[in-house]
Structure formats: structure tokens, C-alpha cells
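Novice: Supplied in C-alpha cells, the structure appears directly below.
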Amino acid sequence: MIEIRKIKVALVLFSVFFLFSGSINQVLPTTLQLAFYAVLPWIIAGAICRSKLDGKRLDCFFIGYFRYLYTKRFSYSSHKSIYQPQVRKAQSCERFQ
């Protein structure tokens with residue numbers, strides 16, 4: 001079954017591949033270029049759309065995933081981010097009286 005979101009994802013992948021078409025066309029022979037630009041984005045889009053995305057929409061899943069990749073260096077305390085190298089520094093505490 002053809003889904004609208006599968007077509008949209010395939011078009012996004014095609015446009016990304018098309019941005020790098022100069023270097024891709026140098027590597028691939030002419031006969032494989034059609035398969036690369038038409039078939040490969042469709043197969044990748046199908047795999048992405050079939051995968052389990054934790055019950056989220058496709059765009060929300062990838063936005064959350066890339067946000068996690070960016071912010072995983074940080075820990076949070078009292079709603080303030082703490083940079084991870086700061087946490088790894090030697091800590092000293094004063095004696096409680």
C-alpha cells in the first residue's frame with residue numbers, strides 16, 4: 001500500500017541524494033544511477049515507515065532523536081543543565097557541622 005508519508009520521506013531522501021549527485025555520479029556507473037536515485041530512496045523510506053517509532057509521528061520521532069543526540073552531554077539539576085565535563089571534575093565537600 002502506498003502511503004503519503006512514504007512518498008514524502010522518499011522525496012526528502014531523493015533530494016538529499018540529488019544534492020550530492022555530482023560526487024555520486026562519479027562513483028556509480030550510468031546504469032546504476034537510475035536505481036540509486038529511484039529505487040534506493042523508496043526502499044529506505046519503506047524501512048523507515050515500517051519501523052516502530054515508540055508510538056510517535058515520524059517527524060516528532062526524528063526531532064526527538066536528534067534533540068537527544070545534541071543534549072545527551074548534559075545532565076540536569078533543578079531544571080538547569082550541567083555540562084558533563086564539569087560533573088567529571090574532582091568534587092570536594094565541606095564537613096557538615
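Every chain in the C-alpha cells takes a letter, A first, then B, and so on in the order presented; its residues are numbered from 1, and the ligands are numbered from 1 following the presented order.
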Give the alpha helix (DSSP H) residues of stretch 15-94 of chain A, as assigned by DSSP on the backbone, as number ranges by chain.
Specialist: A: 15-19, 21-27, 30-34, 40-50, 58-71, 84-88
Novice: Would you mind listing what lies within 10 Å of A:Ile44 as number ranges by chain, with only C-alpha atoms counted and same-chain residues fewer than 3 positions away left out?
Specialist: A: 6, 9-10, 13, 39-41, 47-50
Novice: Kindly indicate which residue among A:Ile63, A:Leu32, A:Tyr37, A:Cys93 lies nearest to A:Phe18, using only C-alpha atoms for the distances.
Specialist: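 That would be A:Tyr37, the residue with the smallest distance to A:Phe18.
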Novice: Point out the residue among A:Ile24, A:Phe61, A:Ala45, A:Gln33 with the least atom-to-atom distance to A:Val12, counting only C-alpha atoms.
Specialist: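 Selected residue with least distance to A:Val12: A:Ala45.
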Novice: Where in chain A does DSSP assign strand (DSSP E), given as a PyMOL selection string?
Specialist: chain A and resi 74-77+80-83
